[in-house]
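Undergrad: File upload-v3.cif below, mmCIF, C-alpha atoms:
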data_input
#
loop_
_atom_site.group_PDB
_atom_site.id
_atom_site.type_symbol
_atom_site.label_atom_id
_atom_site.label_comp_id
_atom_site.auth_asym_id
_atom_site.auth_seq_id
_atom_site.Cartn_x
_atom_site.Cartn_y
_atom_site.Cartn_z
ATOM 1 C CA MET A 1 -3.909 -20.244 0.957
ATOM 2 C CA PRO A 2 -5.178 -23.460 2.484
ATOM 3 C CA ALA A 3 -5.272 -23.761 6.234
ATOM 4 C CA LYS A 4 -7.493 -25.094 8.950
ATOM 5 C CA LYS A 5 -10.590 -22.915 9.217
ATOM 6 C CA ASN A 6 -10.590 -22.786 13.027
ATOM 7 C CA GLU A 7 -6.968 -21.606 13.045
ATOM 8 C CA LEU A 8 -7.732 -18.663 10.749
ATOM 9 C CA GLU A 9 -11.233 -17.606 11.757
ATOM 10 C CA LYS A 10 -10.398 -14.382 13.557
ATOM 11 C CA ALA A 11 -7.529 -11.993 13.962
ATOM 12 C CA PRO A 12 -5.478 -12.493 17.103
ATOM 13 C CA ALA A 13 -6.149 -9.942 19.828
ATOM 14 C CA GLY A 14 -3.573 -7.171 20.263
ATOM 15 C CA THR A 15 -1.143 -6.375 17.504
ATOM 16 C CA GLN A 16 2.555 -6.086 18.197
ATOM 17 C CA LYS A 17 4.395 -2.850 17.427
ATOM 18 C CA HIS A 18 7.449 -4.542 15.967
ATOM 19 C CA ILE A 19 5.959 -7.532 14.246
ATOM 20 C CA ARG A 20 8.108 -9.836 12.123
ATOM 21 C CA PRO A 21 7.083 -10.144 8.461
ATOM 22 C CA PRO A 22 5.259 -13.401 7.702
ATOM 23 C CA LYS A 23 7.016 -16.079 5.681
ATOM 24 C CA PHE A 24 5.494 -18.685 3.410
ATOM 25 C CA ALA A 25 6.544 -22.130 2.269
ATOM 26 C CA PHE A 26 5.271 -24.666 -0.229
ATOM 27 C CA GLU A 27 4.226 -28.015 1.155
ATOM 28 C CA GLY A 28 3.538 -30.044 -1.983
ATOM 29 C CA ASP A 29 1.505 -27.741 -4.243
ATOM 30 C CA ALA A 30 0.035 -25.632 -1.434
ATOM 31 C CA LEU A 31 1.338 -22.304 -0.246
ATOM 32 C CA GLN A 32 1.186 -22.208 3.532
ATOM 33 C CA LYS A 33 2.799 -21.448 6.861
ATOM 34 C CA PRO A 34 6.282 -22.915 7.250
ATOM 35 C CA SER A 35 6.222 -25.874 9.634
ATOM 36 C CA LYS A 36 8.607 -24.196 12.112
ATOM 37 C CA GLU A 37 6.487 -21.034 12.489
ATOM 38 C CA ASN A 38 4.298 -20.415 15.521
ATOM 39 C CA PRO A 39 0.730 -20.411 14.085
ATOM 40 C CA GLN A 40 -0.558 -17.523 16.226
ATOM 41 C CA LYS A 41 2.440 -15.263 15.593
ATOM 42 C CA TRP A 42 2.425 -16.122 11.881
ATOM 43 C CA LEU A 43 -1.258 -15.308 11.577
ATOM 44 C CA ALA A 44 -0.878 -12.091 13.572
ATOM 45 C CA SER A 45 1.889 -10.986 11.212
ATOM 46 C CA LEU A 46 -0.310 -11.735 8.174
ATOM 47 C CA TYR A 47 -3.193 -9.720 9.584
ATOM 48 C CA ALA A 48 -0.836 -6.821 10.373
ATOM 49 C CA THR A 49 0.763 -6.991 6.922
ATOM 50 C CA PHE A 50 -2.599 -6.634 5.182
ATOM 51 C CA GLY A 51 -4.298 -4.303 7.676
ATOM 52 C CA THR A 52 -7.346 -6.504 8.078
ATOM 53 C CA THR A 53 -9.091 -8.605 10.685
ATOM 54 C CA ASP A 54 -11.189 -10.567 8.196
ATOM 55 C CA ILE A 55 -9.976 -14.002 7.084
ATOM 56 C CA ASP A 56 -11.702 -13.846 3.699
ATOM 57 C CA VAL A 57 -10.117 -10.482 2.901
ATOM 58 C CA LEU A 58 -6.760 -11.824 4.081
ATOM 59 C CA LYS A 59 -7.031 -14.836 1.753
ATOM 60 C CA LEU A 60 -8.040 -12.562 -1.138
ATOM 61 C CA PHE A 61 -5.076 -10.231 -0.582
ATOM 62 C CA VAL A 62 -2.561 -13.075 -0.305
ATOM 63 C CA ASP A 63 -3.920 -14.647 -3.501
ATOM 64 C CA GLN A 64 -3.778 -11.307 -5.333
ATOM 65 C CA ILE A 65 -0.221 -10.572 -4.219
ATOM 66 C CA GLN A 66 0.831 -14.084 -5.190
ATOM 67 C CA ASN A 67 -0.804 -13.805 -8.631
ATOM 68 C CA VAL A 68 0.687 -10.395 -9.383
ATOM 69 C CA SER A 69 4.198 -10.864 -8.037
ATOM 70 C CA CYS A 70 4.746 -14.569 -8.714
ATOM 71 C CA SER A 71 3.067 -15.212 -12.049
ATOM 72 C CA GLY A 72 4.934 -17.803 -14.086
ATOM 73 C CA LEU A 73 7.548 -18.557 -11.429
ATOM 74 C CA SER A 74 8.481 -21.970 -10.066
ATOM 75 C CA SER A 75 7.265 -22.882 -6.566
ATOM 76 C CA GLU A 76 10.655 -22.085 -5.024
ATOM 77 C CA LYS A 77 10.879 -18.715 -6.768
ATOM 78 C CA GLN A 78 7.256 -17.917 -5.822
ATOM 79 C CA VAL A 79 8.096 -18.430 -2.154
ATOM 80 C CA ASN A 80 11.214 -16.269 -2.453
ATOM 81 C CA MET A 81 9.327 -13.499 -4.251
ATOM 82 C CA LEU A 82 6.365 -13.575 -1.874
ATOM 83 C CA ASN A 83 8.674 -13.605 1.144
ATOM 84 C CA GLY A 84 10.421 -10.569 -0.329
ATOM 85 C CA VAL A 85 7.208 -8.656 -1.072
ATOM 86 C CA LEU A 86 5.484 -9.143 2.297
ATOM 87 C CA PRO A 87 8.028 -7.120 4.307
ATOM 88 C CA LEU A 88 7.509 -4.238 1.863
ATOM 89 C CA LEU A 89 3.776 -4.322 2.538
ATOM 90 C CA LEU A 90 4.360 -4.534 6.275
ATOM 91 C CA ALA A 91 6.727 -1.534 6.090
ATOM 92 C CA ILE A 92 3.895 0.596 4.677
ATOM 93 C CA LYS A 93 1.870 -0.401 7.764
ATOM 94 C CA PRO A 94 -1.635 -0.518 6.307
ATOM 95 C CA GLU A 95 -4.169 0.118 9.057
ATOM 96 C CA ASN A 96 -7.198 -1.066 7.093
ATOM 97 C CA GLU A 97 -8.172 -2.765 3.871
ATOM 98 C CA VAL A 98 -8.146 0.434 1.780
ATOM 99 C CA GLU A 99 -4.575 1.167 2.846
ATOM 100 C CA ALA A 100 -3.645 -2.467 2.137
ATOM 101 C CA MET A 101 -5.019 -2.158 -1.402
ATOM 102 C CA LEU A 102 -2.992 1.001 -2.006
ATOM 103 C CA ALA A 103 0.102 -0.609 -0.463
ATOM 104 C CA ALA A 104 -0.264 -3.685 -2.667
ATOM 105 C CA GLN A 105 -0.606 -1.504 -5.760
ATOM 106 C CA MET A 106 2.469 0.470 -4.714
ATOM 107 C CA VAL A 107 4.515 -2.706 -4.371
ATOM 108 C CA GLY A 108 3.224 -3.968 -7.743
ATOM 109 C CA ILE A 109 3.997 -0.670 -9.470
ATOM 110 C CA HIS A 110 7.465 -0.613 -7.913
ATOM 111 C CA THR A 111 8.128 -4.161 -9.133
ATOM 112 C CA MET A 112 7.009 -3.274 -12.660
ATOM 113 C CA THR A 113 9.094 -0.080 -12.617
ATOM 114 C CA MET A 114 12.235 -1.976 -11.706
ATOM 115 C CA SER A 115 11.515 -4.570 -14.390
ATOM 116 C CA MET A 116 11.128 -1.873 -17.050
ATOM 117 C CA MET A 117 14.321 -0.168 -15.855
ATOM 118 C CA ASN A 118 16.131 -3.481 -16.188
ATOM 119 C CA ARG A 119 14.816 -3.909 -19.720
ATOM 120 C CA ALA A 120 15.849 -0.368 -20.674
ATOM 121 C CA MET A 121 19.384 -0.908 -19.417
ATOM 122 C CA ARG A 122 20.087 -4.207 -21.168
ATOM 123 C CA SER A 123 23.040 -4.003 -23.521
ATOM 124 C CA ASP A 124 21.128 -5.805 -26.301
ATOM 125 C CA GLN A 125 18.198 -3.368 -26.129
ATOM 126 C CA THR A 126 17.410 -1.341 -29.244
ATOM 127 C CA VAL A 127 17.165 2.450 -29.098
ATOM 128 C CA GLU A 128 13.412 2.132 -29.621
ATOM 129 C CA GLY A 129 13.237 -0.455 -26.833
ATOM 130 C CA VAL A 130 15.140 1.825 -24.473
ATOM 131 C CA THR A 131 12.825 4.730 -25.300
ATOM 132 C CA ASN A 132 9.681 2.634 -24.802
ATOM 133 C CA ASN A 133 10.899 1.248 -21.486
ATOM 134 C CA VAL A 134 12.013 4.652 -20.200
ATOM 135 C CA ASN A 135 8.545 6.004 -21.070
ATOM 136 C CA ARG A 136 6.972 3.122 -19.135
ATOM 137 C CA VAL A 137 9.255 3.782 -16.163
ATOM 138 C CA THR A 138 8.235 7.441 -16.206
ATOM 139 C CA LYS A 139 4.516 6.610 -16.221
ATOM 140 C CA LEU A 140 4.909 3.941 -13.546
ATOM 141 C CA SER A 141 6.927 6.310 -11.354
ATOM 142 C CA ARG A 142 4.197 8.937 -11.623
ATOM 143 C CA THR A 143 1.610 6.309 -10.761
ATOM 144 C CA PHE A 144 3.616 5.299 -7.699
ATOM 145 C CA ILE A 145 3.755 8.919 -6.537
ATOM 146 C CA SER A 146 -0.004 9.262 -7.089
ATOM 147 C CA LEU A 147 -0.634 6.132 -5.014
ATOM 148 C CA LEU A 148 1.638 7.439 -2.252
ATOM 149 C CA GLU A 149 -0.218 10.761 -2.252
ATOM 150 C CA ALA A 150 -3.556 8.916 -2.126
ATOM 151 C CA LEU A 151 -2.335 6.859 0.826
ATOM 152 C CA ASN A 152 -1.149 9.965 2.652
ATOM 153 C CA LYS A 153 -4.407 11.765 1.893
ATOM 154 C CA HIS A 154 -6.380 8.779 3.200
ATOM 155 C CA ARG A 155 -4.283 8.871 6.368
ATOM 156 C CA GLY A 156 -4.944 12.595 6.746
ATOM 157 C CA LYS A 157 -1.404 13.578 5.819
ATOM 158 C CA GLY A 158 -2.279 15.235 2.528
ATOM 159 C CA LYS A 159 -1.117 18.687 1.551
ATOM 160 C CA GLN A 160 -3.045 21.556 2.995
ATOM 161 C CA LYS A 161 -3.459 24.562 0.774
ATOM 162 C CA ILE A 162 -3.112 27.895 2.484
ATOM 163 C CA THR A 163 -3.505 31.045 0.437
ATOM 164 C CA VAL A 164 -2.276 34.275 1.947
ATOM 165 C CA GLU A 165 -3.106 37.440 0.118
ATOM 166 C CA HIS A 166 -2.075 40.992 0.861
ATOM 167 C CA VAL A 167 -3.809 42.143 4.035
ATOM 168 C CA THR A 168 -3.615 45.592 5.561
ATOM 169 C CA VAL A 169 -4.697 46.161 9.129
ATOM 170 C CA ASN A 170 -4.600 49.791 10.202
ATOM 171 C CA GLU A 171 -3.955 50.913 13.736
ATOM 172 C CA GLY A 172 -6.900 49.997 15.930
ATOM 173 C CA GLY A 173 -8.253 47.590 13.319
ATOM 174 C CA GLN A 174 -8.713 43.822 13.559
ATOM 175 C CA ALA A 175 -8.067 41.038 11.092
ATOM 176 C CA VAL A 176 -10.122 37.878 10.735
ATOM 177 C CA VAL A 177 -8.463 34.621 9.713
ATOM 178 C CA GLY A 178 -10.751 31.954 8.275
ATOM 179 C CA ASN A 179 -13.754 31.642 6.013
ATOM 180 C CA VAL A 180 -15.903 34.753 6.039
ATOM 181 C CA GLU A 181 -19.377 34.666 4.553
ATOM 182 C CA TYR A 182 -21.142 37.817 3.481
ATOM 183 C CA GLY A 183 -24.868 38.131 3.344
ATOM 184 C CA GLY A 184 -27.917 39.817 4.695
ATOM 185 C CA ARG A 185 -29.703 39.234 7.924
ATOM 186 C CA ASP A 186 -30.828 35.812 8.942
ATOM 187 C CA GLU A 187 -33.906 34.858 6.880
ATOM 188 C CA ARG A 188 -35.671 33.327 9.905
ATOM 189 C CA LYS A 189 -35.803 36.690 11.712
ATOM 190 C CA LYS A 190 -37.880 38.277 8.971
#
Could you express the structure from this file as structure tokens?
TA:
Amino acid sequence: MPAKKNELEKAPAGTQKHIRPPKFAFEGDALQKPSKENPQKWLASLYATFGTTDIDVLKLFVDQIQNVSCSGLSSEKQVNMLNGVLPLLLAIKPENEVEAMLAAQMVGIHTMTMSMMNRAMRSDQTVEGVTNNVNRVTKLSRTFISLLEALNKHRGKGKQKITVEHVTVNEGGQAVVGNVEYGGRDERKK
């Protein structure tokens, strides 16, 4: 992702709530900002998409997404694919680099799942090929769900386990809700 160093050195101050997904273009052999894009708004949207404020991390993430989603495609198709993937990442709204990594994996797993589904549904596919691809789809779908659960857990939205057992409180009695520890007197008082 070549660009002028001074233009990319730090994340723009203040992120927008409804930021537009970044777009890319090829100028010669280099992937970069389209000439019509406002540099500050484009950069702000990239930082928001990848949940980072570090230029080196941003470059790493863009390169990784490009390598995973665009491998073997022509320049034009790479731009189309990348411009289709970035809004998906932005929709997940990663707030930091860990969330961006999980989001990128989720998008990659989704892409692979759809590819395997396509292979399974081809009319020229053998029965064995259908079975293999359906098995791959199943595993990839489970992986996607695991990544989503990890993202939610990281964000503090994970499942909370509450166990309620039979409790009897007689008239005049009191119940305690929470962790109760049993033990002797405090050792320091001895």
Undergrad: Run the PyMOL selection byres ((chain A and resi 78-81) around 12) against the file shown and list the residues it catches, as a VMD selection string.
TA: chain A and resid 22 to 27 29 to 34 63 65 to 77 82 to 88 107 to 108 111
Undergrad: Could you check which of A:His110, A:Lys93, A:Arg20, A:His166 is closest to Lys41 of chain A, using all atoms listed in the file?
TA: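 Between A:His110, A:Lys93, A:Arg20, A:His166, the residue approaching Lys41 of chain A most closely is A:Arg20.
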Undergrad: For the PyMOL selection byres ((chain A and resi 99) around 12), applied here, can you spell out every residue it catches as an NGL selection string?
TA: :A and (48-52 or 61 or 89-90 or 92-98 or 100-106 or 147-155)
Undergrad: Would you mind reading off the distance between atom CA of Gln40 of chain A and atom CA of Thr53 of chain A, one decimal, in Å?
TA: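 We find that atom CA of Gln40 of chain A and atom CA of Thr53 of chain A lie 13.5 Å from each other.
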Undergrad: Kindly compute an axis-aligned box around the listed atoms of segment 45-53 of chain A, allowing 6 Å on each side, and express its centre and edge lengths in Å to one decimal as JSON.
TA:
{"center_x": -3.6, "center_y": -8.0, "center_z": 8.2, "size_x": 23.0, "size_y": 19.4, "size_z": 18.0}
